[in-house]
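Peer 1: The structure file target38.cif (mmCIF, C-alpha atoms) is provided below.
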```cif
data_work
loop_
_atom_site.label_atom_id
_atom_site.label_comp_id
_atom_site.auth_asym_id
_atom_site.auth_seq_id
_atom_site.Cartn_x
_atom_site.Cartn_y
_atom_site.Cartn_z
CA MET A 17 0.00 0.00 0.00
CA GLU A 18 2.79 2.37 0.85
CA ASN A 19 4.41 1.62 -2.48
CA ASN A 20 1.20 2.54 -4.21
CA THR A 21 1.09 5.82 -2.33
CA ASP A 22 4.66 6.67 -3.30
CA HIS A 23 3.90 5.76 -6.88
CA SER A 24 0.84 8.01 -6.91
CA ASP A 25 2.88 10.90 -5.56
CA GLN A 26 5.32 10.51 -8.43
CA ASN A 27 2.80 10.86 -11.20
CA ASN A 28 -0.43 12.48 -10.17
CA PHE A 29 -2.09 12.48 -13.56
CA SER A 30 -1.58 8.97 -14.92
CA PRO A 31 -4.67 6.77 -14.91
CA LEU A 32 -5.00 4.31 -12.09
CA SER A 33 -6.78 0.96 -11.79
CA VAL A 34 -9.42 0.39 -9.11
CA GLN A 35 -7.27 -2.30 -7.46
CA GLU A 36 -4.62 0.28 -6.71
CA VAL A 37 -7.00 2.50 -4.74
CA ASP A 38 -6.51 2.07 -1.00
CA VAL A 39 -9.83 2.36 0.83
CA ASP A 40 -9.16 0.19 3.87
CA PHE A 41 -10.13 2.74 6.48
CA LEU A 42 -11.94 0.48 8.92
CA PRO A 43 -8.89 -1.30 10.40
CA ILE A 44 -7.28 2.01 11.33
CA VAL A 45 -10.54 3.36 12.78
CA TYR A 46 -10.86 0.15 14.78
CA GLU A 47 -7.27 0.41 16.07
CA ILE A 48 -7.72 4.05 17.06
CA ILE A 49 -10.93 3.38 19.00
CA ARG A 50 -9.45 0.29 20.64
CA SER A 51 -6.36 2.17 21.80
CA VAL A 52 -8.51 5.05 23.08
CA GLU A 53 -10.78 2.77 25.06
CA ARG A 54 -7.98 0.67 26.48
CA ASP A 55 -7.35 1.32 30.17
CA PHE A 56 -3.78 1.77 31.26
CA HIS A 57 -2.55 1.70 34.79
CA ASP A 58 0.92 2.78 33.87
CA ASN A 59 1.13 6.48 33.01
CA SER A 60 4.09 6.14 30.67
CA ALA A 61 2.33 3.38 28.74
CA LYS A 62 -0.72 5.59 28.54
CA ALA A 63 1.32 8.48 27.16
CA ARG A 64 2.94 6.19 24.59
CA GLU A 65 -0.44 4.81 23.56
CA SER A 66 -1.78 8.33 23.26
CA GLN A 67 1.12 9.26 20.98
CA ASP A 68 0.51 6.16 18.89
CA CYS A 69 -3.13 7.06 18.72
CA SER A 70 -2.53 10.59 17.46
CA GLN A 71 -0.07 9.12 14.96
CA LYS A 72 -2.79 6.78 13.74
CA VAL A 73 -5.28 9.60 13.45
CA LEU A 74 -2.82 11.48 11.24
CA GLU A 75 -2.28 8.32 9.25
CA LEU A 76 -6.03 7.94 8.79
CA GLN A 77 -6.31 11.55 7.65
CA LYS A 78 -3.49 10.98 5.15
CA LYS A 79 -5.17 7.80 3.95
CA PHE A 80 -8.37 9.73 3.24
CA ASP A 81 -6.46 12.36 1.26
CA VAL A 82 -4.55 9.75 -0.71
CA ALA A 83 -7.79 7.88 -1.46
CA ARG A 84 -9.35 11.11 -2.76
CA SER A 85 -6.43 11.86 -5.05
CA GLN A 86 -6.40 8.24 -6.26
CA ILE A 87 -10.11 8.34 -7.04
CA LYS A 88 -9.58 11.50 -9.09
CA ARG A 89 -7.17 9.54 -11.27
CA LEU A 90 -9.54 6.64 -11.98
CA PRO A 91 -10.50 6.48 -15.65
CA GLY A 92 -14.06 6.57 -16.94
CA ILE A 93 -15.85 7.78 -13.81
CA ASP A 94 -16.55 11.33 -14.94
CA TYR A 95 -20.09 10.23 -15.76
CA ASN A 96 -22.44 7.80 -14.11
CA LYS A 97 -22.91 4.47 -15.79
CA GLN A 98 -26.07 5.39 -17.68
CA ASP A 99 -24.51 8.49 -19.19
CA GLN A 100 -21.35 6.61 -19.99
CA LEU A 101 -23.34 3.92 -21.77
CA LYS A 102 -25.16 6.63 -23.70
CA GLN A 103 -21.83 8.09 -24.78
CA PHE A 104 -20.67 4.63 -25.73
CA GLU A 105 -23.77 4.18 -27.84
CA ILE A 106 -23.23 7.57 -29.49
CA LEU A 107 -19.66 6.62 -30.36
CA ARG A 108 -20.82 3.32 -31.82
CA THR A 109 -23.43 5.10 -33.90
CA GLN A 110 -20.78 7.56 -35.07
CA LEU A 111 -18.47 4.76 -36.09
CA ARG A 112 -21.27 2.98 -37.93
CA LEU A 113 -22.24 6.14 -39.80
CA LYS A 114 -18.65 6.86 -40.73
CA ARG A 115 -18.20 3.31 -41.97
CA GLU A 116 -21.36 3.67 -44.05
CA LEU A 117 -20.15 6.97 -45.46
CA LEU A 118 -16.82 5.45 -46.43
CA GLN A 119 -18.59 2.51 -48.01
CA LYS A 120 -20.81 4.93 -49.90
CA TYR A 121 -17.80 6.85 -51.18
CA ARG A 122 -16.08 3.65 -52.23
CA ASN A 123 -19.09 2.22 -54.01
CA MET A 124 -19.95 5.52 -55.63
CA CYS A 125 -21.07 5.16 -59.21
CA SER A 126 -17.95 6.12 -61.12
CA PHE A 127 -19.63 8.14 -63.89
CA GLU A 128 -23.15 8.64 -65.11
CA THR A 129 -23.16 8.74 -68.88
CA SER A 130 -26.73 9.97 -69.13
CA PHE A 131 -25.98 13.37 -70.66
CA LYS A 132 -26.43 13.73 -74.38
CA MET B 8 -28.60 7.70 -4.00
CA ALA B 9 -28.76 10.42 -6.56
CA SER B 10 -28.25 8.68 -9.85
CA HIS B 11 -27.46 11.88 -11.72
CA LEU B 12 -24.16 12.26 -9.85
CA SER B 13 -21.04 11.01 -11.55
CA THR B 14 -19.39 7.93 -10.10
CA LYS B 15 -16.38 10.04 -9.14
CA ASP B 16 -18.56 12.44 -7.14
CA ARG B 17 -20.30 9.51 -5.48
CA LEU B 18 -16.98 7.96 -4.47
CA LEU B 19 -15.68 11.25 -3.13
CA SER B 20 -18.84 11.95 -1.16
CA LEU B 21 -18.72 8.41 0.28
CA ILE B 22 -15.15 9.02 1.44
CA ASP B 23 -16.29 12.32 2.99
CA ASP B 24 -19.09 10.45 4.78
CA ILE B 25 -16.73 7.76 6.07
CA GLU B 26 -14.28 10.42 7.25
CA LEU B 27 -17.05 12.26 9.04
CA ILE B 28 -18.40 9.14 10.75
CA ALA B 29 -14.94 7.95 11.73
CA LYS B 30 -14.12 11.33 13.24
CA GLU B 31 -17.41 11.34 15.08
CA MET B 32 -16.72 7.87 16.49
CA ILE B 33 -13.20 8.81 17.58
CA GLU B 34 -14.39 12.04 19.17
CA VAL B 35 -17.15 10.20 21.00
CA SER B 36 -14.71 7.58 22.25
CA ILE B 37 -12.30 10.16 23.71
CA ALA B 38 -15.11 12.30 25.15
CA PRO B 39 -15.78 12.26 28.87
CA LYS B 40 -18.18 9.58 30.04
CA SER B 41 -21.02 12.06 30.60
CA GLN B 42 -21.03 13.04 26.94
CA LYS B 43 -20.66 9.52 25.58
CA LEU B 44 -23.31 8.11 23.31
CA SER B 45 -25.51 5.27 24.34
CA ALA B 46 -24.58 1.81 23.16
CA ALA B 47 -27.48 1.82 20.71
CA ASP B 48 -26.35 5.08 19.14
CA HIS B 49 -22.81 3.81 19.00
CA ALA B 50 -23.96 0.63 17.30
CA GLN B 51 -25.99 2.68 14.88
CA LEU B 52 -22.96 4.81 14.07
CA THR B 53 -20.87 1.70 13.56
CA ASP B 54 -23.52 0.20 11.30
CA LEU B 55 -23.59 3.40 9.30
CA LEU B 56 -19.83 3.32 8.94
CA LEU B 57 -19.98 -0.30 7.80
CA ALA B 58 -22.80 0.47 5.38
CA LYS B 59 -20.88 3.38 3.90
CA ASP B 60 -17.77 1.25 3.57
CA ALA B 61 -19.77 -1.47 1.80
CA GLU B 62 -21.28 1.14 -0.49
CA LEU B 63 -17.82 2.49 -1.25
CA LYS B 64 -16.60 -1.00 -2.18
CA LYS B 65 -19.67 -1.52 -4.36
CA THR B 66 -19.18 1.83 -6.07
CA LEU B 67 -15.55 0.96 -6.66
CA GLU B 68 -16.70 -2.20 -8.42
CA LEU B 69 -18.92 -0.02 -10.56
CA ALA B 70 -15.91 2.21 -11.23
CA GLU B 71 -14.01 -0.84 -12.38
CA GLU B 72 -16.80 -1.69 -14.81
CA GLN B 73 -16.81 1.87 -16.03
CA ALA B 74 -13.04 1.76 -16.51
CA LYS B 75 -13.53 -1.25 -18.78
CA ILE B 76 -16.23 0.58 -20.70
CA GLN B 77 -13.90 3.58 -20.92
CA GLN B 78 -11.21 1.39 -22.41
CA LYS B 79 -13.65 0.17 -25.05
CA MET B 80 -14.69 3.76 -25.67
CA ASN B 81 -11.07 4.77 -26.16
CA GLU B 82 -10.69 2.03 -28.73
CA LEU B 83 -13.87 3.18 -30.43
CA LYS B 84 -12.66 6.77 -30.39
CA ALA B 85 -9.38 5.75 -31.98
CA GLU B 86 -11.29 3.89 -34.67
CA VAL B 87 -13.63 6.85 -35.22
CA ASP B 88 -10.60 9.15 -35.58
CA ASN B 89 -9.10 6.73 -38.02
CA LYS B 90 -12.29 6.71 -40.09
CA ASP B 91 -12.41 10.48 -39.89
CA GLN B 92 -8.97 10.68 -41.43
CA ASP B 93 -10.00 8.24 -44.15
CA ILE B 94 -13.09 10.30 -44.90
CA HIS B 95 -11.11 13.53 -45.06
CA HIS B 96 -8.58 11.94 -47.35
CA LEU B 97 -11.30 10.61 -49.62
CA GLN B 98 -13.14 13.92 -49.62
CA ARG B 99 -9.99 15.74 -50.61
CA GLN B 100 -9.46 13.33 -53.48
CA LEU B 101 -13.07 13.73 -54.60
CA LYS B 102 -12.70 17.50 -54.46
CA ASP B 103 -9.58 17.33 -56.61
CA ALA B 104 -11.34 15.08 -59.08
CA GLU B 105 -14.29 17.47 -59.19
CA GLN B 106 -11.94 20.36 -59.89
CA ILE B 107 -10.26 18.54 -62.75
CA LEU B 108 -13.59 17.41 -64.19
CA ALA B 109 -15.06 20.90 -63.94
CA THR B 110 -12.13 22.38 -65.80
CA SER B 111 -12.21 19.80 -68.56
CA LEU B 112 -16.00 20.12 -68.80
CA TYR B 113 -15.67 23.87 -69.19
CA GLN B 114 -13.07 23.43 -71.92
CA ALA B 115 -15.18 20.79 -73.64
CA ARG B 116 -18.20 23.10 -73.59
CA GLN B 117 -16.13 25.87 -75.13
CA LYS B 118 -14.97 23.48 -77.82
CA LEU B 119 -18.56 22.35 -78.46
CA ALA B 120 -19.69 25.96 -78.72
CA SER B 121 -17.01 26.71 -81.27
CA ILE B 122 -17.96 23.56 -83.19
CA VAL B 123 -21.59 24.66 -83.27
CA LYS B 124 -20.53 28.14 -84.32
CA SER B 125 -18.38 26.81 -87.13
CA ARG B 126 -21.19 24.52 -88.32
CA LYS B 127 -23.58 27.45 -88.51
CA ARG B 128 -21.24 29.51 -90.66
CA PRO B 129 -19.08 27.13 -92.67
CA VAL B 130 -16.16 28.61 -94.57
CA SER B 131 -14.81 26.65 -97.47
CA SER B 132 -11.09 26.05 -97.61
CA GLU B 133 -11.08 27.58 -101.10
CA ASP B 134 -12.24 30.88 -99.65
CA LEU B 135 -9.64 30.69 -96.91
CA ILE B 136 -6.85 30.13 -99.39
CA LYS B 137 -8.17 32.90 -101.62
CA PHE B 138 -8.21 35.26 -98.64
CA ALA B 139 -4.71 34.25 -97.63
CA HIS B 140 -3.54 34.99 -101.16
CA ARG B 141 -5.18 38.37 -101.03
CA ILE B 142 -3.38 39.20 -97.79
CA SER B 143 0.00 38.10 -99.02
CA ALA B 144 -0.42 39.70 -102.45
CA SER B 145 0.03 43.12 -100.86
CA ASN B 146 3.25 41.97 -99.17
CA ALA B 147 1.66 42.92 -95.88
CA VAL B 148 3.00 39.80 -94.15
CA SER B 149 6.50 39.57 -95.58
CA ALA B 150 8.56 41.27 -98.24
CA PRO B 151 9.02 39.38 -101.51
CA LEU B 152 12.16 37.26 -101.79
CA SER B 153 13.53 39.47 -104.53
CA TRP B 154 13.18 42.65 -102.46
CA GLN B 155 15.80 45.32 -103.11
CA PRO B 156 16.23 48.77 -101.58
CA GLY B 157 13.84 51.04 -103.38
CA ASP B 158 11.32 48.29 -103.97
CA PRO B 159 7.96 49.70 -102.85
CA ARG B 160 6.61 46.25 -101.92
CA ARG B 161 7.20 45.82 -98.19
CA PRO B 162 5.43 44.38 -95.13
CA TYR B 163 5.08 47.62 -93.20
CA PRO B 164 2.17 50.02 -93.64
CA THR B 165 2.02 52.34 -96.58
CA ASP B 166 1.96 56.06 -96.04
CA LEU B 167 -1.76 56.15 -96.68
CA GLU B 168 -2.43 53.39 -94.15
CA MET B 169 -0.34 55.23 -91.57
CA ARG B 170 -2.45 58.30 -92.08
CA LEU B 171 -5.54 56.23 -91.37
CA GLY B 172 -4.15 55.24 -88.00
CA MET B 173 -4.27 57.07 -84.69
CA ILE B 174 -1.24 59.28 -85.32
CA GLY B 175 -2.50 60.26 -88.72
CA ARG B 176 -5.85 61.20 -87.26
CA LEU B 177 -4.23 63.27 -84.52
CA SER B 178 -2.79 65.55 -87.16
CA ASP B 179 -6.34 66.17 -88.44
CA LEU B 180 -7.48 67.63 -85.17
CA PRO B 181 -6.13 71.17 -85.66
CA VAL B 182 -7.45 73.64 -88.21
CA ASN B 183 -7.37 72.35 -91.75
CA GLY B 184 -4.84 74.95 -92.86
CA HIS B 185 -2.14 73.60 -90.54
CA THR B 186 -2.71 69.98 -91.36
CA PRO B 187 -0.30 69.59 -94.27
CA SER B 188 2.65 71.08 -92.43
CA THR B 189 1.96 68.91 -89.38
CA LEU B 190 1.72 65.88 -91.57
CA ASN B 191 4.94 66.83 -93.28
CA GLU B 192 6.67 67.05 -89.94
CA LEU B 193 5.31 63.72 -88.93
CA HIS B 194 6.46 62.31 -92.20
CA ARG B 195 9.91 63.76 -91.71
CA ILE B 196 10.19 62.06 -88.35
CA THR B 197 9.06 58.71 -89.65
CA THR B 198 11.21 58.76 -92.77
CA GLY B 199 14.33 59.89 -90.95
CA GLY B 200 14.55 63.60 -91.82
CA VAL B 201 13.89 63.34 -95.55
CA PRO B 202 11.59 66.25 -96.42
CA ALA B 203 8.31 65.34 -98.03
CA PRO B 204 8.23 66.20 -101.69
CA THR B 205 5.61 68.50 -103.15
CA THR B 206 3.65 65.56 -104.53
CA ASN B 207 2.91 64.43 -101.01
CA GLN B 208 0.33 67.07 -100.42
CA PHE B 209 -2.70 64.85 -100.16
CA THR B 210 -4.42 64.94 -96.81
CA TRP B 211 -6.69 62.21 -95.66
CA HIS B 212 -9.69 63.31 -93.64
CA PRO B 213 -11.86 61.12 -91.49
CA SER B 214 -14.79 62.17 -93.62
CA GLY B 215 -13.29 60.20 -96.45
CA GLU B 216 -12.52 63.21 -98.65
CA LEU B 217 -9.15 63.65 -100.20
CA HIS B 218 -7.80 67.19 -100.04
CA MET B 219 -4.89 68.81 -101.78
CA SER B 220 -3.27 71.78 -100.16
CA VAL B 221 -2.81 74.68 -102.45
CA GLY B 222 -0.43 77.61 -101.90
CA GLY B 223 -1.30 79.37 -98.66
CA GLY B 224 -2.62 76.29 -96.95
CA ASN B 225 -6.17 76.26 -98.32
CA SER B 226 -7.32 72.80 -99.17
CA VAL B 227 -9.46 71.87 -102.10
CA ALA B 228 -11.47 68.72 -102.25
CA ILE B 229 -10.57 66.72 -105.31
CA ASP B 230 -12.65 63.68 -104.56
CA GLY B 231 -16.23 64.33 -103.68
CA ARG B 232 -17.13 60.79 -102.62
CA GLY B 233 -18.19 60.98 -99.03
CA LYS B 234 -19.64 57.51 -98.59
CA ASP B 235 -17.76 55.26 -96.22
CA ALA B 236 -18.28 52.18 -98.30
CA HIS B 237 -16.52 53.76 -101.26
CA THR B 238 -13.74 55.05 -99.10
CA GLN B 239 -13.18 51.66 -97.60
CA GLU B 240 -13.07 50.13 -101.02
CA ASP B 241 -10.62 52.80 -102.07
CA VAL B 242 -8.35 52.15 -99.17
CA GLU B 243 -8.41 48.45 -99.81
CA VAL B 244 -7.49 48.94 -103.41
CA MET B 245 -4.77 51.42 -102.51
CA SER B 246 -3.27 49.21 -99.84
CA THR B 247 -3.30 46.08 -101.90
CA ASP B 248 -1.83 47.92 -104.80
CA SER B 249 1.81 48.33 -103.93
CA SER B 250 2.45 50.98 -106.53
CA SER B 251 0.17 53.44 -104.73
CA SER B 252 2.76 54.30 -102.09
CA SER B 253 4.13 57.79 -101.90
CA SER B 254 7.20 58.70 -103.86
CA SER B 255 9.14 59.57 -100.72
CA ASP B 256 9.23 55.89 -99.76
CA SER B 257 10.80 54.90 -102.98
CA GLN B 258 13.70 57.23 -102.48
#
```
Transcribe the structure of this file into structure tokens.
Peer 2:
Amino acid sequence: MENNTDHSDQNNFSPLSVQEVDVDFLPIVYEIIRSVERDFHDNSAKARESQDCSQKVLELQKKFDVARSQIKRLPGIDYNKQDQLKQFEILRTQLRLKRELLQKYRNMCSFETSFK
Amino acid sequence: MASHLSTKDRLLSLIDDIELIAKEMIEVSIAPKSQKLSAADHAQLTDLLLAKDAELKKTLELAEEQAKIQQKMNELKAEVDNKDQDIHHLQRQLKDAEQILATSLYQARQKLASIVKSRKRPVSSEDLIKFAHRISASNAVSAPLSWQPGDPRRPYPTDLEMRLGMIGRLSDLPVNGHTPSTLNELHRITTGGVPAPTTNQFTWHPSGELHMSVGGGNSVAIDGRGKDAHTQEDVEVMSTDSSSSSSSDSQ
């Protein structure tokens, strides 16, 4: 995951696949809550846990930011699926029409010798 | 879920939601016990977080599908661009062909028109040859092979023909009395300083009358024919007849 993050920092505009997006927030949230709710008798251990906890909160915050920037690099999600399918259909129609036009040009009657 | 939102916006808003819920849960957990939520509320918040996370995963699957569609669309776009280039190429060729055809059609029409014109008014080759003979008989095209200095037959205009031209007519513009002297001057320039002899005192007027200057510059009409047709005939005869040139030329 860290490698992915470094990679994304290097090129912020290249398209990314969905598998590369890191959205595993729940484990960190769980760890933060668990460490907050844990009771410590030893003060030094409590202070260390508190430091770890704030570290994890920062990590979570960073994870959210990275996930946002990764999502912005995902291809093909500028429209919802219906609109995307419509666009796809439009492109297919365009291609069909262009093919027909080319065919028409190619099969064009070479010369009409009807004039007298 | 608002279906009009783009998948990207949905994903981003889901992340915002998860961030908000997570923060809320962390804040609640570190809050003093008096401000803590009840277990039911906490469970509800946890459920919401889980639901949002599940929705995020589901939307990411949708994003994956859309990425595949996007890939297909890119291929389609490339193909469409390719066809576009083909079409442009073909259109340019057709335009060129049209241009060439239009030009040749225009030329062919011109040719047809001249064919029709020539069919309406046929000219026999005999007439053409006769006319050619008439032109060359006056040595107007080239001097005869046996031409010698002093030979009046030559391919440049005769004095009379010169007088019919623009320069000759210019000299007619002033008062009649001055005309002969002006003409003489003109003649002197054209013949290289040789003064015009006394015989060259005929003045050609646009009216077609031939005048002869007498003494003090008064001109007397010696040919009363004023009709253009006769004049034209006269000129033709004079020009074709090589002996009609002025004596100054023969010197």
Peer 1: Padding 4 Å on each side, edges along x, y and z: where is the centre of the box around the listed atoms of segment 45-57 of chain A, and how long are its edges in Å to one decimal? Output it as lines of an AutoDock Vina configuration file.
Peer 2:
```
center_x = -6.7
center_y = 2.6
center_z = 23.8
size_x = 16.4
size_y = 12.9
size_z = 30.0
```
Peer 1: Could you list, with a cut-off of 6 Å and counting all atoms listed in the file, the residues of chain B near chain A, each shown with its nearest atom pair and the distance in Å rounded to one decimal, rows sorted by chain and ascending number, as CSV?
Peer 2:
```
residue,atom,partner,partner_atom,distance
B:Ser13,CA,A:Asn96,CA,4.3
B:Thr14,CA,A:Asn96,CA,5.0
B:Lys15,CA,A:Ile93,CA,5.2
B:Glu71,CA,A:Val34,CA,5.8
B:Gln73,CA,A:Gly92,CA,5.5
B:Ala74,CA,A:Gly92,CA,4.9
B:Gln77,CA,A:Gly92,CA,5.0
B:Val87,CA,A:Leu111,CA,5.3
```
Peer 1: Mind pulling up the distance from atom CA of Gln119 of chain A to atom CA of Gln98 of chain B?
Peer 2: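 Going from atom CA of Gln98 of chain B over to atom CA of Gln119 of chain A, I get 12.7 Å.
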Peer 1: Just to confirm, what's the straight-line distance from atom CA of Glu47 of chain A to atom CA of Ala63 of chain A in Å (one decimal)?
Peer 2: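 Between atom CA of Glu47 of chain A and atom CA of Ala63 of chain A the gap is 16.2 Å.
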Peer 1: With all atoms listed in the file as the counted atoms, please give the residues lying no more than 12 Å from Glu62 of chain B, apart from itself and same-chain residues fewer than 4 positions off, as a PyMOL selection string.
Peer 2: (chain A and resi 39) or (chain B and resi 8+14+17-22+24-25+55-58+66-69)
Peer 1: Using only C-alpha atoms, can you tell me which of B:Thr165, B:Lys79, B:Lys84, B:Ile28 comes closest to Asp54 of chain B?
Peer 2: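 Residue with the minimum atom-to-atom distance to Asp54 of chain B: B:Ile28.
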Peer 1: Please determine, counting only C-alpha atoms, which residue among A:Lys78, A:Lys62, A:Lys120, A:Lys102 has the shortest atom-to-atom distance to Asp38 of chain A.
Peer 2: A:Lys78
Peer 1: Within 9 Å of Pro162 of chain B, counting all atoms listed in the file, which residues show up once you throw out same-chain ones fewer than 5 positions away? Write them as a PyMOL selection string, please.
Peer 2: chain B and resi 145-151
Peer 1: So what do you get for atom CA of Arg170 of chain B versus atom CA of Ser153 of chain B, distance-wise?
Peer 2: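 The value is 27.7 Å.
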Peer 1: Would you please work out which residue, of B:Ala115, B:Met173, B:Ala38, B:Leu83, is nearest to Thr109 of chain A when using all atoms listed in the file?
Peer 2: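 Closest candidate: B:Leu83.
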Peer 1: What would segment 33-44 of chain A look like with N, CA, C and O atoms restored, written as a short mmCIF file (atom, residue, chain, number, x, y, z; two decimals), in the frame of the given file?
Peer 2:
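For reference, result-v6.cif as written:
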```
data_model
loop_
_atom_site.label_atom_id
_atom_site.label_comp_id
_atom_site.auth_asym_id
_atom_site.auth_seq_id
_atom_site.Cartn_x
_atom_site.Cartn_y
_atom_site.Cartn_z
N SER A 33 -5.73 1.99 -11.80
CA SER A 33 -6.78 0.96 -11.79
C SER A 33 -7.44 0.93 -10.40
O SER A 33 -6.86 1.40 -9.41
N VAL A 34 -8.65 0.39 -10.36
CA VAL A 34 -9.42 0.39 -9.11
C VAL A 34 -8.69 -0.40 -8.02
O VAL A 34 -8.72 -0.04 -6.84
N GLN A 35 -7.98 -1.47 -8.44
CA GLN A 35 -7.27 -2.30 -7.46
C GLN A 35 -6.20 -1.51 -6.71
O GLN A 35 -5.84 -1.86 -5.59
N GLU A 36 -5.70 -0.49 -7.34
CA GLU A 36 -4.62 0.28 -6.71
C GLU A 36 -5.13 1.28 -5.68
O GLU A 36 -4.34 1.86 -4.94
N VAL A 37 -6.44 1.51 -5.68
CA VAL A 37 -7.00 2.50 -4.74
C VAL A 37 -7.08 1.87 -3.34
O VAL A 37 -7.63 0.79 -3.17
N ASP A 38 -6.55 2.58 -2.39
CA ASP A 38 -6.51 2.07 -1.00
C ASP A 38 -7.67 2.68 -0.21
O ASP A 38 -7.65 3.87 0.10
N VAL A 39 -8.67 1.84 0.07
CA VAL A 39 -9.83 2.36 0.83
C VAL A 39 -10.05 1.56 2.11
O VAL A 39 -11.18 1.49 2.62
N ASP A 40 -9.01 0.96 2.62
CA ASP A 40 -9.16 0.19 3.87
C ASP A 40 -9.03 1.12 5.08
O ASP A 40 -7.99 1.19 5.72
N PHE A 41 -10.15 1.80 5.35
CA PHE A 41 -10.13 2.74 6.48
C PHE A 41 -10.52 2.07 7.81
O PHE A 41 -10.07 2.47 8.86
N LEU A 42 -11.35 1.05 7.69
CA LEU A 42 -11.94 0.48 8.92
C LEU A 42 -10.89 -0.07 9.90
O LEU A 42 -11.02 0.18 11.11
N PRO A 43 -9.87 -0.79 9.42
CA PRO A 43 -8.89 -1.30 10.40
C PRO A 43 -8.25 -0.19 11.23
O PRO A 43 -8.10 -0.34 12.45
N ILE A 44 -7.93 0.92 10.58
CA ILE A 44 -7.28 2.01 11.33
C ILE A 44 -8.26 2.63 12.33
O ILE A 44 -7.91 2.90 13.49
#
```
